[in-house]
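Engineer: Below is the structure I would like to discuss, written out as structure tokens.
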Amino acid sequence: MSRGFYTPFSPKDEAFRRLRVMVTNREHWVVKSGRTKNRIHRWLDIRFPEYRQAFDDIFSDRSLATLRRFPAPSDLLQLTPEQMVQIWGEYMARPGGVRGKNKALELQSLARHSVGDTTALEEDKWELRHLIEEYERICRIIDEADEMIEKILPEIPCSDLVRSVGASVPATAAILAFGGGLT
């Protein structure tokens, strides 16, 4: 220090500190979301490996409704396509039409030829139900964190500048929370 090799410490403004806390907390929940998603993928790999052929995004509304109500191939084969569409209607605004019926037929076709494990199925369905509930709860927490971050960002003068180059709200928050102001 006597030779001038130091950086003066200046505590950050309160908004920066609040932003850092929210970004850190949000990151925790994003990691937890990834773990939960991986467990759902594992469940499908064991029980219904063909499922991903029907859904590009297994976390879409229709897919989550399917996994909630008839996740195993044997569950799908007990329903008619019309019954499946009707059940999807409990979770979606527009479940039916040609697209819905085609998806139901595709799932049933995949279920007929599934090589998934069927032992201890009820116990595994219990686990899946809780994994989906946990995933949805975590998504709500992340959304809430994003809302809180969006309320803090206007308090930081340079946040608009970072956003102007196309950075998302979480990316902007992370840059500012850990990099500080641009001044």
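Starting from 1 in every chain, residues are counted up; chains themselves are A, B, ... following the order of the structure tokens, and ligands are numbered from 1 as listed.
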Could you name the residues that touch segment 124-129 of chain A at 7 Å or less, counting only C-alpha atoms, but leaving out those on the same chain fewer than 4 positions away, as a PyMOL selection string?
Structural biologist: chain A and resi 40+68+120+133
Engineer: Which neighbours of Met148 of chain A fall inside 12 Å, counting only C-alpha atoms, when residues of the same chain fewer than 2 positions from it are skipped, and could you give them as a PyMOL selection string?
Structural biologist: chain A and resi 15+18-23+25-26+141-146+150-155+169-170+173
Engineer: Between A:Asn102, A:Ser74, A:Ser63, A:Thr172, which is the closest to Arg47 of chain A once you count only C-alpha atoms?
Structural biologist: A:Ser74
Engineer: Could you name the residues that touch segment 84-99 of chain A at 10 Å or less, counting only C-alpha atoms, but leaving out those on the same chain fewer than 6 positions away, as a list in words?
Structural biologist: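 Listed by chain and then number, they are Asp61, Arg62, Ser63, Leu64, Ala65, Thr66, Arg68, Arg69, Phe70, Leu76, Gln78 and Leu105 of chain A.
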Engineer: Keeping only N, CA, C and O atoms, write those residues as an mmCIF file, in the first residue's frame.
Structural biologist:
```cif
data_model
loop_
_atom_site.group_PDB
_atom_site.id
_atom_site.type_symbol
_atom_site.label_atom_id
_atom_site.label_comp_id
_atom_site.auth_asym_id
_atom_site.auth_seq_id
_atom_site.Cartn_x
_atom_site.Cartn_y
_atom_site.Cartn_z
ATOM 1 N N ASP A 61 -46.707 -27.015 -22.245
ATOM 2 C CA ASP A 61 -47.961 -27.201 -21.501
ATOM 3 C C ASP A 61 -48.579 -28.569 -21.757
ATOM 4 O O ASP A 61 -49.001 -29.263 -20.832
ATOM 5 N N ARG A 62 -48.656 -28.980 -23.027
ATOM 6 C CA ARG A 62 -49.287 -30.265 -23.361
ATOM 7 C C ARG A 62 -48.485 -31.433 -22.777
ATOM 8 O O ARG A 62 -49.043 -32.383 -22.249
ATOM 9 N N SER A 63 -47.170 -31.329 -22.872
ATOM 10 C CA SER A 63 -46.328 -32.397 -22.345
ATOM 11 C C SER A 63 -46.461 -32.515 -20.827
ATOM 12 O O SER A 63 -46.608 -33.615 -20.290
ATOM 13 N N LEU A 64 -46.412 -31.384 -20.130
ATOM 14 C CA LEU A 64 -46.551 -31.434 -18.670
ATOM 15 C C LEU A 64 -47.929 -31.956 -18.263
ATOM 16 O O LEU A 64 -48.051 -32.705 -17.288
ATOM 17 N N ALA A 65 -48.962 -31.590 -19.018
ATOM 18 C CA ALA A 65 -50.301 -32.113 -18.729
ATOM 19 C C ALA A 65 -50.327 -33.627 -18.921
ATOM 20 O O ALA A 65 -50.921 -34.360 -18.120
ATOM 21 N N THR A 66 -49.657 -34.100 -19.952
ATOM 22 C CA THR A 66 -49.571 -35.545 -20.206
ATOM 23 C C THR A 66 -48.851 -36.244 -19.063
ATOM 24 O O THR A 66 -49.318 -37.269 -18.559
ATOM 25 N N ARG A 68 -48.496 -35.298 -16.049
ATOM 26 C CA ARG A 68 -49.275 -35.236 -14.807
ATOM 27 C C ARG A 68 -50.349 -36.321 -14.761
ATOM 28 O O ARG A 68 -50.555 -36.949 -13.736
ATOM 29 N N ARG A 69 -51.053 -36.502 -15.858
ATOM 30 C CA ARG A 69 -52.249 -37.332 -15.845
ATOM 31 C C ARG A 69 -52.084 -38.734 -16.409
ATOM 32 O O ARG A 69 -52.756 -39.657 -15.967
ATOM 33 N N PHE A 70 -51.233 -38.913 -17.409
ATOM 34 C CA PHE A 70 -51.044 -40.254 -17.965
ATOM 35 C C PHE A 70 -49.604 -40.409 -18.460
ATOM 36 O O PHE A 70 -49.338 -40.460 -19.649
ATOM 37 N N LEU A 76 -51.595 -44.323 -21.203
ATOM 38 C CA LEU A 76 -52.022 -43.782 -22.496
ATOM 39 C C LEU A 76 -52.922 -44.756 -23.241
ATOM 40 O O LEU A 76 -53.858 -44.344 -23.925
ATOM 41 N N GLN A 78 -55.027 -46.795 -22.082
ATOM 42 C CA GLN A 78 -56.347 -46.964 -21.463
ATOM 43 C C GLN A 78 -57.323 -45.863 -21.883
ATOM 44 O O GLN A 78 -58.488 -45.928 -21.547
ATOM 45 N N LEU A 105 -52.825 -39.550 -30.904
ATOM 46 C CA LEU A 105 -52.595 -40.778 -31.683
ATOM 47 C C LEU A 105 -51.107 -41.125 -31.738
ATOM 48 O O LEU A 105 -50.727 -42.304 -31.625
#
```
Engineer: Which residues, written as an MDAnalysis selection string, have at least one atom at most 7 Å from segment 108-114 of chain A, with only C-alpha atoms counted and residues fewer than 6 positions away on the same chain left out?
Structural biologist: chainID A and resid 48 50 73 76:77
Engineer: Please, which residues of chain A, numbered as in this document, come out helix (DSSP H, G or I) from DSSP, as JSON, numbers by chain?
Structural biologist: {"A": [14, 15, 16, 17, 18, 19, 20, 21, 22, 23, 24, 25, 26, 27, 28, 29, 30, 31, 32, 33, 34, 35, 36, 37, 38, 39, 40, 41, 42, 43, 44, 45, 46, 47, 49, 50, 51, 52, 53, 61, 62, 63, 64, 65, 66, 67, 68, 69, 73, 74, 75, 76, 77, 81, 82, 83, 84, 85, 86, 87, 88, 97, 98, 99, 100, 101, 102, 103, 104, 105, 106, 107, 108, 109, 110, 111, 112, 121, 122, 123, 124, 125, 126, 127, 128, 129, 130, 131, 132, 133, 134, 135, 136, 137, 138, 139, 140, 141, 142, 143, 144, 145, 146, 147, 148, 149, 150, 151, 152, 153, 154, 155, 159, 160, 161, 162, 163, 164, 169, 170, 171, 172, 173, 174, 175, 176, 177, 178, 179]}
Engineer: Which residue is closest to Thr118 of chain A? Choose from A:Cys158, A:Asp75, A:Lys32, A:Lys101 and count only C-alpha atoms.
Structural biologist: A:Asp75
Engineer: I'd like to know which of A:Glu106, A:Glu136, A:Glu123, A:Glu147 is closest to Tyr51 of chain A, using only C-alpha atoms.
Structural biologist: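 Using only C-alpha atoms, Tyr51 of chain A sits closest to A:Glu106.
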Engineer: Using only C-alpha atoms, determine which residues lie at most 8 Å from Phe16 of chain A, disregarding the query and same-chain residues fewer than 5 positions distant; provide the list as a compact mmCIF listing (two decimals) with C-alpha atoms, in the first residue's frame.
Structural biologist:
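The result, written out as around-v7.txt:
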```
# COMPACT_ATOMS: atom_id res chain seq x y z
CA ILE A 156 -29.27 1.86 -11.80
CA LEU A 176 -24.23 -4.89 -13.25
CA ALA A 177 -24.42 -6.88 -10.02
CA GLY A 180 -20.64 -2.59 -11.09
```
Engineer: For the atom pair atom CA of Glu122 of chain A and atom CA of Arg137 of chain A, what is the interatomic distance in Å to one decimal place?
Structural biologist: 22.8 Å
Engineer: Which of these, A:Gly116, A:Gly34, A:Pro71, A:Gly181, has the shortest distance to Ile46 of chain A once you count only C-alpha atoms?
Structural biologist: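 Closest residue, counting only C-alpha atoms: A:Gly116.
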Engineer: In Å, with one decimal, what is the gap from atom CA of Pro81 of chain A to atom CA of Phe55 of chain A?
Structural biologist: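 Between atom CA of Pro81 of chain A and atom CA of Phe55 of chain A the gap is 16.3 Å.
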Engineer: Taking only C-alpha atoms into account, which of A:Ile132, A:Pro49, A:Ala54, A:Cys139 comes nearest Val31 of chain A?
Structural biologist: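 With only C-alpha atoms as the atom set, the closest residue is A:Cys139.
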Engineer: Mind giving me the straight-line distance from atom CA of Gly100 of chain A to atom CA of Thr80 of chain A in Å, one decimal?
Structural biologist: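 So the answer is 12.2 Å.
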Engineer: Given the choices A:Gln83, A:Asp160, A:Ile138, A:Ile58, which gets closest to Arg35 of chain A if the distance is worked out from only C-alpha atoms?
Structural biologist: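 Distance minimum relative to Arg35 of chain A lands on A:Ile138.
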